[in-house]
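Student: After the structure tokens below, expect a handful of questions from me.
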Amino acid sequence: MFHFSEYNDMSSDSNSGDDWEENSEDHILCLFCTEIVNGFPSALHHIETLHKFDLCDFIRKHIHDTYSYIKLINFVRHKEILPEQLSTLGIEIWDKDEYLHPVVEDDPWLMYDIEDLINIKDVGEEKEGRQMYESNNVILSQTEYEDMKRTIRLLKSQLKESETTCFLVKQQMEEMKEKAQKLILGDDLDEKEKNPHNSNADEGYFNTYSHFAIHHEMLTDKVRTESYRDALLTNSNKFHYCVMLDVGCGTGILSMFAAKSGCRKVISVDQSDMIYQAMDIVRENNLNDIITLKKGRLEDINIGLEKVDAIISEWMGYFLLFEGMLDTVIYARDRYLTPGGVILPNRCTISIVGSGDTKRYLELVDYWSNVYGFKMSCMKKQVLREPSIEICNVDDLITSTAEIQAFDLYKVTKGCVNFTSPFTLNVKKTGSLTAIIGYFDIFFDLENPVHFSTGPHSTSTHWKQTVFSLSEPISITEGEVINGMLKCQRHDKDDRGLMVVIHIKNFCQTYFLD
């Protein structure tokens, strides 16, 4: 370890009286304002004199390791915290993994560990003059010593970056290990049945959105993606200089559309690990000055703002309501949307139509009556229990359509998932009714309105249609009017799942989307 020796006063014309901070090439952005100073001693002195805050003393009292220090610095940067606010906060506020990611690229504050930063304060108090450093009888000039210190700082910075990467990889490995144990041992089944509303129940849902394939599927769905794009960009006058909240941002595509539409700030929230990719994507497109990304359940985190001007979300699941993400949009509306604010999309409907696809019925349902000479009719119940997600042939539709439910996102509550709707279908073609097809429509009611449908008469989307197969075909005649009822409610063991009951003629069957 190097020790400071007594320094010798030098003549003023030797140009060797520069102190530590004048020799330092570091240009340090203050943690609490936009002032840039040269060297850490000056930075610490600036904070202490201008902001009346002893950062080193605060670190001594509250920071226990390098990770906590990194989180503190990024937290202050991210939240634009003032010293007087920081003094009132507990460590649990900033000691979160989301603050391991640098807010300022190559932030000099992150190049020092805790001890170095505290020691720098003492170094900065040295008087002008030449300084020599001695260890084991090896004498270094100040220039050599400063070069060595810069090299050490660089190595420490690289080490911390590697440690952060290792930390995140370790987290992912632990998650994979836990999943493998559950897959092999099934040790979580009893717990889930006992406590279906446990916070861990969401893990599978969010993990699904950590995979790249599902985001590729959604992004290449031109109907979906271009509808959101057009709603924002063709109504950019509506969103100019507004603050928007993107609920479930995924790769950040909607957030970037929002930024291009003129929003001055976009808060993008997602619980899945895709948020880390979104951070890179936003930086790659130079939009990190507008878009702020936050990892976590919206209900569990603080977005840093009291209100927003608009909320955007692609929350729709199969049969519109499967996945239960509408609950989070409703929470966002009630908690953050300013009076008169905008929700995108703001309206949606669910509709049904009858199908007479007998070929599909024979292949999917009747198949189990004779499998290589063996009866497997017990399998029919399981096959019929779960609706299938597929693209239906328009030529097989044999009834009119019926809208069974409409949702106004400015008014709906979480209870809107539970509804019972009577319906009427007019038979257009004599034949056999083999399935009820469900789909939804989405509306952006703006000055330049945008609408898209997931129905069989429209361009197909990644949502396709939801097919509720009948256990037995129902004979119907052209001109006949069929009355029925559809009941939808949350799955009693999974808030993100649905139970659907269809009554039609003498037929009644229960389906589960889970």
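Labels used: A, B, ... for chains in the order of the structure tokens, numbers from 1 for residues in each chain, and numbers from 1 for ligands as shown.
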Can you list, as an NGL selection string, every protein, DNA or RNA residue that comes within 8 Å of A:Gln405 when you count only C-alpha atoms, leaving out same-chain residues fewer than 6 positions away?
Tutor: :A and (349-351 or 421)
Student: Compile the contact shell of stretch 284-301 of chain A as a PDB file with all heavy atoms, in the first residue's frame: residues with an atom at most 8 Å away, counting only C-alpha atoms, same-chain residues fewer than 5 positions apart removed.
Tutor:
ATOM      1  N   GLU A  98     -32.686  -3.124  -9.274  1.00  0.00           N
ATOM      2  CA  GLU A  98     -32.948  -2.307 -10.455  1.00  0.00           C
ATOM      3  C   GLU A  98     -31.959  -1.148 -10.568  1.00  0.00           C
ATOM      4  O   GLU A  98     -31.769  -0.581 -11.651  1.00  0.00           O
ATOM      5  CB  GLU A  98     -34.378  -1.765 -10.430  1.00  0.00           C
ATOM      6  CG  GLU A  98     -34.671  -0.848  -9.247  1.00  0.00           C
ATOM      7  CD  GLU A  98     -36.139  -0.480  -9.160  1.00  0.00           C
ATOM      8  OE1 GLU A  98     -36.555   0.411  -9.917  1.00  0.00           O
ATOM      9  OE2 GLU A  98     -36.864  -1.091  -8.355  1.00  0.00           O
ATOM     10  N   VAL A 247     -47.484   0.434 -19.718  1.00  0.00           N
ATOM     11  CA  VAL A 247     -47.691  -0.669 -18.782  1.00  0.00           C
ATOM     12  C   VAL A 247     -47.402  -1.994 -19.489  1.00  0.00           C
ATOM     13  O   VAL A 247     -48.099  -2.363 -20.423  1.00  0.00           O
ATOM     14  CB  VAL A 247     -49.125  -0.664 -18.228  1.00  0.00           C
ATOM     15  CG1 VAL A 247     -49.321  -1.826 -17.254  1.00  0.00           C
ATOM     16  CG2 VAL A 247     -49.436   0.661 -17.549  1.00  0.00           C
ATOM     17  N   SER A 255     -43.203   2.414 -26.256  1.00  0.00           N
ATOM     18  CA  SER A 255     -42.559   3.560 -25.619  1.00  0.00           C
ATOM     19  C   SER A 255     -41.798   4.397 -26.647  1.00  0.00           C
ATOM     20  O   SER A 255     -41.813   5.634 -26.598  1.00  0.00           O
ATOM     21  CB  SER A 255     -41.603   3.091 -24.520  1.00  0.00           C
ATOM     22  OG  SER A 255     -42.290   2.419 -23.492  1.00  0.00           O
ATOM     23  N   MET A 256     -41.141   3.729 -27.580  1.00  0.00           N
ATOM     24  CA  MET A 256     -40.385   4.454 -28.603  1.00  0.00           C
ATOM     25  C   MET A 256     -41.322   5.154 -29.580  1.00  0.00           C
ATOM     26  O   MET A 256     -41.046   6.266 -30.021  1.00  0.00           O
ATOM     27  CB  MET A 256     -39.418   3.501 -29.308  1.00  0.00           C
ATOM     28  CG  MET A 256     -38.295   3.017 -28.388  1.00  0.00           C
ATOM     29  SD  MET A 256     -36.989   2.101 -29.218  1.00  0.00           S
ATOM     30  CE  MET A 256     -37.849   0.562 -29.595  1.00  0.00           C
ATOM     31  N   ALA A 259     -42.325   8.216 -27.761  1.00  0.00           N
ATOM     32  CA  ALA A 259     -41.269   9.232 -27.789  1.00  0.00           C
ATOM     33  C   ALA A 259     -41.260   9.954 -29.133  1.00  0.00           C
ATOM     34  O   ALA A 259     -41.113  11.180 -29.193  1.00  0.00           O
ATOM     35  CB  ALA A 259     -39.915   8.578 -27.521  1.00  0.00           C
ATOM     36  N   CYS A 263     -43.893  12.907 -26.966  1.00  0.00           N
ATOM     37  CA  CYS A 263     -43.929  12.868 -25.503  1.00  0.00           C
ATOM     38  C   CYS A 263     -42.599  13.370 -24.938  1.00  0.00           C
ATOM     39  O   CYS A 263     -41.533  13.017 -25.441  1.00  0.00           O
ATOM     40  CB  CYS A 263     -44.175  11.442 -25.012  1.00  0.00           C
ATOM     41  SG  CYS A 263     -45.828  10.816 -25.363  1.00  0.00           S
ATOM     42  N   ARG A 264     -42.674  14.169 -23.881  1.00  0.00           N
ATOM     43  CA  ARG A 264     -41.436  14.667 -23.286  1.00  0.00           C
ATOM     44  C   ARG A 264     -40.848  13.653 -22.318  1.00  0.00           C
ATOM     45  O   ARG A 264     -39.656  13.669 -22.026  1.00  0.00           O
ATOM     46  CB  ARG A 264     -41.668  15.994 -22.572  1.00  0.00           C
ATOM     47  CG  ARG A 264     -42.566  15.937 -21.354  1.00  0.00           C
ATOM     48  CD  ARG A 264     -42.710  17.319 -20.740  1.00  0.00           C
ATOM     49  NE  ARG A 264     -43.670  17.350 -19.657  1.00  0.00           N
ATOM     50  CZ  ARG A 264     -43.375  17.105 -18.389  1.00  0.00           C
ATOM     51  NH1 ARG A 264     -42.129  16.800 -18.051  1.00  0.00           N
ATOM     52  NH2 ARG A 264     -44.304  17.153 -17.458  1.00  0.00           N
ATOM     53  N   LYS A 265     -41.693  12.727 -21.810  1.00  0.00           N
ATOM     54  CA  LYS A 265     -41.198  11.711 -20.886  1.00  0.00           C
ATOM     55  C   LYS A 265     -42.087  10.479 -20.996  1.00  0.00           C
ATOM     56  O   LYS A 265     -43.316  10.593 -21.054  1.00  0.00           O
ATOM     57  CB  LYS A 265     -41.205  12.237 -19.449  1.00  0.00           C
ATOM     58  CG  LYS A 265     -40.464  11.339 -18.457  1.00  0.00           C
ATOM     59  CD  LYS A 265     -40.378  12.003 -17.097  1.00  0.00           C
ATOM     60  CE  LYS A 265     -39.490  11.229 -16.129  1.00  0.00           C
ATOM     61  NZ  LYS A 265     -38.097  11.142 -16.557  1.00  0.00           N
ATOM     62  N   VAL A 266     -41.463   9.307 -21.020  1.00  0.00           N
ATOM     63  CA  VAL A 266     -42.181   8.038 -21.045  1.00  0.00           C
ATOM     64  C   VAL A 266     -41.627   7.160 -19.930  1.00  0.00           C
ATOM     65  O   VAL A 266     -40.417   6.929 -19.861  1.00  0.00           O
ATOM     66  CB  VAL A 266     -42.041   7.312 -22.402  1.00  0.00           C
ATOM     67  CG1 VAL A 266     -42.852   6.014 -22.396  1.00  0.00           C
ATOM     68  CG2 VAL A 266     -42.480   8.211 -23.548  1.00  0.00           C
ATOM     69  N   ILE A 267     -42.508   6.710 -19.040  1.00  0.00           N
ATOM     70  CA  ILE A 267     -42.132   5.766 -17.988  1.00  0.00           C
ATOM     71  C   ILE A 267     -42.570   4.380 -18.439  1.00  0.00           C
ATOM     72  O   ILE A 267     -43.762   4.145 -18.662  1.00  0.00           O
ATOM     73  CB  ILE A 267     -42.804   6.110 -16.647  1.00  0.00           C
ATOM     74  CG1 ILE A 267     -42.520   7.559 -16.260  1.00  0.00           C
ATOM     75  CG2 ILE A 267     -42.337   5.153 -15.558  1.00  0.00           C
ATOM     76  CD1 ILE A 267     -41.074   7.864 -16.011  1.00  0.00           C
ATOM     77  N   SER A 268     -41.631   3.462 -18.586  1.00  0.00           N
ATOM     78  CA  SER A 268     -41.911   2.134 -19.135  1.00  0.00           C
ATOM     79  C   SER A 268     -41.665   1.083 -18.058  1.00  0.00           C
ATOM     80  O   SER A 268     -40.566   0.989 -17.528  1.00  0.00           O
ATOM     81  CB  SER A 268     -41.010   1.861 -20.345  1.00  0.00           C
ATOM     82  OG  SER A 268     -41.087   2.943 -21.261  1.00  0.00           O
ATOM     83  N   VAL A 269     -42.698   0.295 -17.776  1.00  0.00           N
ATOM     84  CA  VAL A 269     -42.635  -0.665 -16.669  1.00  0.00           C
ATOM     85  C   VAL A 269     -42.860  -2.080 -17.185  1.00  0.00           C
ATOM     86  O   VAL A 269     -43.762  -2.320 -17.994  1.00  0.00           O
ATOM     87  CB  VAL A 269     -43.699  -0.335 -15.595  1.00  0.00           C
ATOM     88  CG1 VAL A 269     -43.641  -1.336 -14.449  1.00  0.00           C
ATOM     89  CG2 VAL A 269     -43.505   1.084 -15.078  1.00  0.00           C
ATOM     90  N   ASP A 270     -42.045  -3.019 -16.711  1.00  0.00           N
ATOM     91  CA  ASP A 270     -42.235  -4.423 -17.053  1.00  0.00           C
ATOM     92  C   ASP A 270     -41.600  -5.283 -15.965  1.00  0.00           C
ATOM     93  O   ASP A 270     -40.521  -4.944 -15.465  1.00  0.00           O
ATOM     94  CB  ASP A 270     -41.622  -4.763 -18.415  1.00  0.00           C
ATOM     95  CG  ASP A 270     -42.244  -6.005 -19.033  1.00  0.00           C
ATOM     96  OD1 ASP A 270     -42.091  -7.112 -18.466  1.00  0.00           O
ATOM     97  OD2 ASP A 270     -42.904  -5.887 -20.078  1.00  0.00           O
ATOM     98  N   GLN A 271     -42.254  -6.369 -15.625  1.00  0.00           N
ATOM     99  CA  GLN A 271     -41.750  -7.267 -14.589  1.00  0.00           C
ATOM    100  C   GLN A 271     -40.790  -8.309 -15.153  1.00  0.00           C
ATOM    101  O   GLN A 271     -39.922  -8.806 -14.450  1.00  0.00           O
ATOM    102  CB  GLN A 271     -42.938  -7.954 -13.888  1.00  0.00           C
ATOM    103  CG  GLN A 271     -42.576  -9.131 -12.994  1.00  0.00           C
ATOM    104  CD  GLN A 271     -41.845  -8.723 -11.728  1.00  0.00           C
ATOM    105  OE1 GLN A 271     -41.511  -7.560 -11.543  1.00  0.00           O
ATOM    106  NE2 GLN A 271     -41.581  -9.669 -10.858  1.00  0.00           N
ATOM    107  N   SER A 272     -40.935  -8.646 -16.432  1.00  0.00           N
ATOM    108  CA  SER A 272     -40.113  -9.717 -16.998  1.00  0.00           C
ATOM    109  C   SER A 272     -38.678  -9.239 -17.229  1.00  0.00           C
ATOM    110  O   SER A 272     -38.398  -8.033 -17.281  1.00  0.00           O
ATOM    111  CB  SER A 272     -40.700 -10.215 -18.321  1.00  0.00           C
ATOM    112  OG  SER A 272     -40.391  -9.327 -19.385  1.00  0.00           O
ATOM    113  N   ASP A 273     -37.757 -10.199 -17.414  1.00  0.00           N
ATOM    114  CA  ASP A 273     -36.350  -9.863 -17.647  1.00  0.00           C
ATOM    115  C   ASP A 273     -36.123  -9.217 -19.007  1.00  0.00           C
ATOM    116  O   ASP A 273     -35.010  -8.754 -19.288  1.00  0.00           O
ATOM    117  CB  ASP A 273     -35.481 -11.122 -17.527  1.00  0.00           C
ATOM    118  CG  ASP A 273     -35.346 -11.587 -16.080  1.00  0.00           C
ATOM    119  OD1 ASP A 273     -35.687 -10.791 -15.178  1.00  0.00           O
ATOM    120  OD2 ASP A 273     -34.916 -12.730 -15.855  1.00  0.00           O
ATOM    121  N   ILE A 275     -36.981  -6.487 -19.760  1.00  0.00           N
ATOM    122  CA  ILE A 275     -36.719  -5.078 -19.464  1.00  0.00           C
ATOM    123  C   ILE A 275     -35.245  -4.746 -19.660  1.00  0.00           C
ATOM    124  O   ILE A 275     -34.898  -3.637 -20.076  1.00  0.00           O
ATOM    125  CB  ILE A 275     -37.155  -4.727 -18.020  1.00  0.00           C
ATOM    126  CG1 ILE A 275     -37.190  -3.203 -17.798  1.00  0.00           C
ATOM    127  CG2 ILE A 275     -36.248  -5.382 -16.994  1.00  0.00           C
ATOM    128  CD1 ILE A 275     -38.381  -2.529 -18.359  1.00  0.00           C
ATOM    129  N   ALA A 278     -34.773  -4.186 -23.220  1.00  0.00           N
ATOM    130  CA  ALA A 278     -35.394  -2.905 -23.572  1.00  0.00           C
ATOM    131  C   ALA A 278     -34.469  -1.740 -23.232  1.00  0.00           C
ATOM    132  O   ALA A 278     -34.414  -0.749 -23.968  1.00  0.00           O
ATOM    133  CB  ALA A 278     -36.731  -2.760 -22.846  1.00  0.00           C
ATOM    134  N   MET A 279     -33.733  -1.858 -22.126  1.00  0.00           N
ATOM    135  CA  MET A 279     -32.785  -0.797 -21.754  1.00  0.00           C
ATOM    136  C   MET A 279     -31.735  -0.611 -22.843  1.00  0.00           C
ATOM    137  O   MET A 279     -31.393   0.526 -23.221  1.00  0.00           O
ATOM    138  CB  MET A 279     -32.113  -1.147 -20.423  1.00  0.00           C
ATOM    139  CG  MET A 279     -33.044  -1.104 -19.227  1.00  0.00           C
ATOM    140  SD  MET A 279     -32.217  -1.690 -17.706  1.00  0.00           S
ATOM    141  CE  MET A 279     -33.557  -1.559 -16.517  1.00  0.00           C
ATOM    142  N   THR A 328     -53.956  -4.510 -14.053  1.00  0.00           N
ATOM    143  CA  THR A 328     -52.848  -3.577 -13.867  1.00  0.00           C
ATOM    144  C   THR A 328     -53.119  -2.257 -14.580  1.00  0.00           C
ATOM    145  O   THR A 328     -52.747  -1.185 -14.078  1.00  0.00           O
ATOM    146  CB  THR A 328     -51.533  -4.202 -14.374  1.00  0.00           C
ATOM    147  OG1 THR A 328     -51.303  -5.430 -13.678  1.00  0.00           O
ATOM    148  CG2 THR A 328     -50.358  -3.277 -14.139  1.00  0.00           C
ATOM    149  N   TYR A 331     -55.416  -0.381 -12.379  1.00  0.00           N
ATOM    150  CA  TYR A 331     -54.640   0.174 -11.265  1.00  0.00           C
ATOM    151  C   TYR A 331     -53.887   1.428 -11.715  1.00  0.00           C
ATOM    152  O   TYR A 331     -53.874   2.446 -11.005  1.00  0.00           O
ATOM    153  CB  TYR A 331     -53.660  -0.867 -10.734  1.00  0.00           C
ATOM    154  CG  TYR A 331     -52.690  -0.316  -9.709  1.00  0.00           C
ATOM    155  CD1 TYR A 331     -53.045  -0.233  -8.366  1.00  0.00           C
ATOM    156  CD2 TYR A 331     -51.432   0.141 -10.089  1.00  0.00           C
ATOM    157  CE1 TYR A 331     -52.167   0.283  -7.428  1.00  0.00           C
ATOM    158  CE2 TYR A 331     -50.546   0.666  -9.160  1.00  0.00           C
ATOM    159  CZ  TYR A 331     -50.914   0.729  -7.836  1.00  0.00           C
ATOM    160  OH  TYR A 331     -50.041   1.256  -6.920  1.00  0.00           O
ATOM    161  N   ALA A 332     -53.256   1.342 -12.885  1.00  0.00           N
ATOM    162  CA  ALA A 332     -52.502   2.491 -13.407  1.00  0.00           C
ATOM    163  C   ALA A 332     -53.425   3.688 -13.607  1.00  0.00           C
ATOM    164  O   ALA A 332     -53.065   4.829 -13.284  1.00  0.00           O
ATOM    165  CB  ALA A 332     -51.827   2.112 -14.726  1.00  0.00           C
TER     166      ALA A 332
END
Student: Please compute the atom CA of A:Lys429-atom CA of A:Thr399 distance, one decimal, in Å.
Tutor: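 These two atoms are separated by 7.1 Å.
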Student: Write out as a list of chain:residue names each polymer residue whose atoms come within 12 Å of A:Gly90, counting only C-alpha atoms; drop sequence neighbours fewer than 2 positions from it.
Tutor: A:Phe58, A:Lys61, A:His62, A:Ile63, A:Leu72, A:Gln85, A:Leu86, A:Ser87, A:Thr88, A:Glu92, A:Ile93, A:Trp94, A:Asp95, A:Lys96
Student: Could the residues in this selection be written to a file with all heavy atoms, as a short mmCIF file (atom, residue, chain, number, x, y, z; two decimals), in the first residue's frame?
Tutor:
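Okay, this is what ended up in selection.cif:
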data_model
loop_
_atom_site.label_atom_id
_atom_site.label_comp_id
_atom_site.auth_asym_id
_atom_site.auth_seq_id
_atom_site.Cartn_x
_atom_site.Cartn_y
_atom_site.Cartn_z
N PHE A 58 -22.18 10.29 5.09
CA PHE A 58 -23.41 9.54 4.80
C PHE A 58 -23.07 8.10 4.38
O PHE A 58 -23.71 7.14 4.80
CB PHE A 58 -24.20 10.23 3.69
CG PHE A 58 -25.52 9.58 3.37
CD1 PHE A 58 -26.66 9.91 4.09
CD2 PHE A 58 -25.62 8.62 2.37
CE1 PHE A 58 -27.87 9.31 3.80
CE2 PHE A 58 -26.82 8.02 2.08
CZ PHE A 58 -27.95 8.36 2.80
N LYS A 61 -22.02 5.87 7.27
CA LYS A 61 -23.12 5.49 8.16
C LYS A 61 -24.09 4.49 7.51
O LYS A 61 -24.67 3.65 8.19
CB LYS A 61 -23.91 6.72 8.59
CG LYS A 61 -23.13 7.66 9.50
CD LYS A 61 -23.98 8.88 9.86
CE LYS A 61 -23.23 9.82 10.78
NZ LYS A 61 -24.03 11.04 11.09
N HIS A 62 -24.27 4.58 6.21
CA HIS A 62 -25.40 3.86 5.59
C HIS A 62 -25.01 2.81 4.56
O HIS A 62 -25.83 1.96 4.22
CB HIS A 62 -26.35 4.86 4.90
CG HIS A 62 -26.95 5.86 5.85
ND1 HIS A 62 -27.96 5.54 6.72
CD2 HIS A 62 -26.66 7.17 6.04
CE1 HIS A 62 -28.28 6.62 7.42
NE2 HIS A 62 -27.51 7.62 7.04
N ILE A 63 -23.80 2.85 4.02
CA ILE A 63 -23.42 1.94 2.96
C ILE A 63 -22.52 0.85 3.52
O ILE A 63 -21.53 1.13 4.20
CB ILE A 63 -22.71 2.68 1.81
CG1 ILE A 63 -23.62 3.77 1.26
CG2 ILE A 63 -22.32 1.70 0.71
CD1 ILE A 63 -24.93 3.26 0.71
N LEU A 72 -26.86 3.17 -4.59
CA LEU A 72 -27.11 4.52 -4.08
C LEU A 72 -26.85 5.56 -5.17
O LEU A 72 -27.68 6.45 -5.41
CB LEU A 72 -26.22 4.80 -2.86
CG LEU A 72 -26.23 6.26 -2.36
CD1 LEU A 72 -27.61 6.63 -1.84
CD2 LEU A 72 -25.17 6.46 -1.29
N GLN A 85 -33.56 15.32 0.80
CA GLN A 85 -34.46 14.17 0.67
C GLN A 85 -33.73 12.87 1.01
O GLN A 85 -34.28 12.01 1.69
CB GLN A 85 -34.99 14.10 -0.77
CG GLN A 85 -35.86 15.27 -1.18
CD GLN A 85 -36.21 15.24 -2.66
OE1 GLN A 85 -35.36 14.97 -3.50
NE2 GLN A 85 -37.46 15.49 -2.97
N LEU A 86 -32.49 12.78 0.54
CA LEU A 86 -31.71 11.56 0.78
C LEU A 86 -31.52 11.30 2.27
O LEU A 86 -31.55 10.15 2.71
CB LEU A 86 -30.35 11.68 0.07
CG LEU A 86 -29.47 10.43 0.05
CD1 LEU A 86 -30.19 9.28 -0.64
CD2 LEU A 86 -28.15 10.73 -0.65
N SER A 87 -31.37 12.35 3.03
CA SER A 87 -31.13 12.20 4.46
C SER A 87 -32.32 11.59 5.19
O SER A 87 -32.18 11.05 6.28
CB SER A 87 -30.80 13.57 5.08
OG SER A 87 -29.62 14.10 4.50
N THR A 88 -33.51 11.69 4.56
CA THR A 88 -34.72 11.19 5.23
C THR A 88 -35.11 9.79 4.79
O THR A 88 -36.05 9.21 5.33
CB THR A 88 -35.90 12.13 4.94
OG1 THR A 88 -36.19 12.11 3.52
CG2 THR A 88 -35.58 13.55 5.37
N GLU A 92 -33.53 0.77 2.39
CA GLU A 92 -34.37 -0.14 1.62
C GLU A 92 -34.94 0.53 0.37
O GLU A 92 -35.36 -0.16 -0.58
CB GLU A 92 -35.52 -0.68 2.49
CG GLU A 92 -36.57 0.35 2.91
CD GLU A 92 -36.13 1.13 4.15
OE1 GLU A 92 -35.02 0.87 4.66
OE2 GLU A 92 -36.91 1.99 4.59
N ILE A 93 -34.95 1.86 0.34
CA ILE A 93 -35.50 2.58 -0.81
C ILE A 93 -34.60 2.43 -2.02
O ILE A 93 -35.08 2.25 -3.15
CB ILE A 93 -35.69 4.08 -0.48
CG1 ILE A 93 -36.64 4.23 0.71
CG2 ILE A 93 -36.23 4.83 -1.69
CD1 ILE A 93 -38.03 3.69 0.46
N TRP A 94 -33.26 2.50 -1.82
CA TRP A 94 -32.37 2.42 -2.98
C TRP A 94 -31.65 1.06 -3.10
O TRP A 94 -31.07 0.77 -4.14
CB TRP A 94 -31.33 3.54 -2.94
CG TRP A 94 -30.28 3.40 -1.86
CD1 TRP A 94 -29.22 2.55 -1.86
CD2 TRP A 94 -30.22 4.10 -0.62
NE1 TRP A 94 -28.51 2.69 -0.71
CE2 TRP A 94 -29.09 3.64 0.08
CE3 TRP A 94 -31.01 5.09 -0.05
CZ2 TRP A 94 -28.74 4.13 1.33
CZ3 TRP A 94 -30.65 5.57 1.19
CH2 TRP A 94 -29.52 5.10 1.87
N ASP A 95 -31.69 0.25 -2.05
CA ASP A 95 -30.94 -1.01 -2.09
C ASP A 95 -31.75 -2.06 -2.85
O ASP A 95 -32.19 -3.07 -2.30
CB ASP A 95 -30.64 -1.48 -0.67
CG ASP A 95 -29.56 -2.57 -0.67
OD1 ASP A 95 -28.90 -2.75 -1.72
OD2 ASP A 95 -29.37 -3.22 0.36
N LYS A 96 -31.95 -1.79 -4.14
CA LYS A 96 -32.73 -2.68 -5.00
C LYS A 96 -31.93 -2.98 -6.26
O LYS A 96 -31.19 -2.14 -6.76
CB LYS A 96 -34.07 -2.02 -5.39
CG LYS A 96 -34.97 -1.72 -4.18
CD LYS A 96 -36.25 -1.02 -4.62
CE LYS A 96 -37.12 -0.71 -3.42
NZ LYS A 96 -38.36 0.01 -3.80
#
Student: If you run DSSP on this backbone, which residues of stretch 388-453 of chain A come out as strand (DSSP E or B), and could you give them as a PyMOL selection string?
Tutor: chain A and resi 388-390+397-408+419-427+431-444+450-453
Student: Hey, what's within 10 Å of A:Lys260 if we count only C-alpha atoms and toss same-chain stuff fewer than 5 positions away? As a ChimeraX atom specification, please?
Tutor: /A:229,232-233,236,239-240,254-255,287,290
Student: Please produce a file of those selected residues containing C-alpha atoms, as a tab-separated table (two decimals), in the first residue's frame.
Tutor:
chain	number	residue	atom	x	y	z
A	229	ARG	CA	-48.00	3.13	-34.04
A	232	LEU	CA	-49.71	7.62	-31.62
A	233	LEU	CA	-48.09	9.11	-34.70
A	236	SER	CA	-49.02	13.37	-32.30
A	239	PHE	CA	-49.34	13.69	-27.16
A	240	HIS	CA	-46.90	16.53	-27.75
A	254	LEU	CA	-44.70	1.33	-27.84
A	255	SER	CA	-42.56	3.56	-25.62
A	287	LEU	CA	-34.02	7.70	-26.51
A	290	ILE	CA	-36.97	10.52	-22.83
Student: Do you know which residues are at most 8 Å from stretch 28-36 of chain A counting only C-alpha atoms, after dropping those on the same chain fewer than 6 positions away, and could you put them as a list of chain:residue names?
Tutor: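 What passes the distance filter is A:Ala43, A:Ile47, A:His51, A:Ile73, A:Val76, A:Arg77, A:Glu80, A:Ile81, A:Leu82, A:Pro83, A:Pro108, A:Trp109.
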Student: If we count only C-alpha atoms and set the cut-off at 9 Å, which residues sit around A:Tyr367, ignoring sequence neighbours fewer than 5 positions away in its own chain? Please answer as a PyMOL selection string.
Tutor: chain A and resi 361-362+376-377+380
Student: Based on the selection just made, write all heavy atoms of those residues as a short mmCIF file (atom, residue, chain, number, x, y, z; two decimals), in the first residue's frame.
Tutor:
data_model
loop_
_atom_site.label_atom_id
_atom_site.label_comp_id
_atom_site.auth_asym_id
_atom_site.auth_seq_id
_atom_site.Cartn_x
_atom_site.Cartn_y
_atom_site.Cartn_z
N TYR A 361 -64.18 -30.96 -36.31
CA TYR A 361 -64.79 -31.69 -35.20
C TYR A 361 -64.39 -33.16 -35.24
O TYR A 361 -64.04 -33.76 -34.21
CB TYR A 361 -66.31 -31.55 -35.25
CG TYR A 361 -67.01 -32.39 -34.21
CD1 TYR A 361 -67.17 -31.91 -32.91
CD2 TYR A 361 -67.49 -33.67 -34.50
CE1 TYR A 361 -67.78 -32.68 -31.93
CE2 TYR A 361 -68.10 -34.45 -33.53
CZ TYR A 361 -68.25 -33.94 -32.26
OH TYR A 361 -68.85 -34.72 -31.29
N LEU A 362 -64.42 -33.76 -36.42
CA LEU A 362 -64.07 -35.18 -36.54
C LEU A 362 -62.60 -35.42 -36.18
O LEU A 362 -62.26 -36.40 -35.53
CB LEU A 362 -64.34 -35.67 -37.97
CG LEU A 362 -65.82 -35.75 -38.38
CD1 LEU A 362 -65.95 -36.08 -39.86
CD2 LEU A 362 -66.55 -36.81 -37.55
N MET A 376 -61.09 -44.29 -26.64
CA MET A 376 -60.46 -43.31 -25.75
C MET A 376 -61.41 -42.13 -25.52
O MET A 376 -60.98 -40.97 -25.43
CB MET A 376 -59.13 -42.81 -26.33
CG MET A 376 -58.07 -43.87 -26.47
SD MET A 376 -56.47 -43.16 -26.93
CE MET A 376 -55.45 -44.65 -27.07
N SER A 377 -62.68 -42.42 -25.42
CA SER A 377 -63.69 -41.36 -25.30
C SER A 377 -63.48 -40.51 -24.04
O SER A 377 -63.94 -39.37 -23.97
CB SER A 377 -65.09 -41.96 -25.31
OG SER A 377 -65.21 -42.95 -24.30
N LYS A 380 -62.08 -37.05 -24.58
CA LYS A 380 -62.89 -35.97 -25.14
C LYS A 380 -63.09 -34.85 -24.12
O LYS A 380 -63.03 -33.67 -24.44
CB LYS A 380 -64.25 -36.50 -25.59
CG LYS A 380 -64.23 -37.33 -26.86
CD LYS A 380 -65.65 -37.68 -27.26
CE LYS A 380 -65.68 -38.53 -28.52
NZ LYS A 380 -67.05 -38.86 -28.94
#
Student: Go ahead and compute the interatomic distance for atom CA of A:Val104 and atom CA of A:Ile91, in Å to one decimal.
Tutor: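 Rounded to one decimal, the two atoms are 21.2 Å apart.
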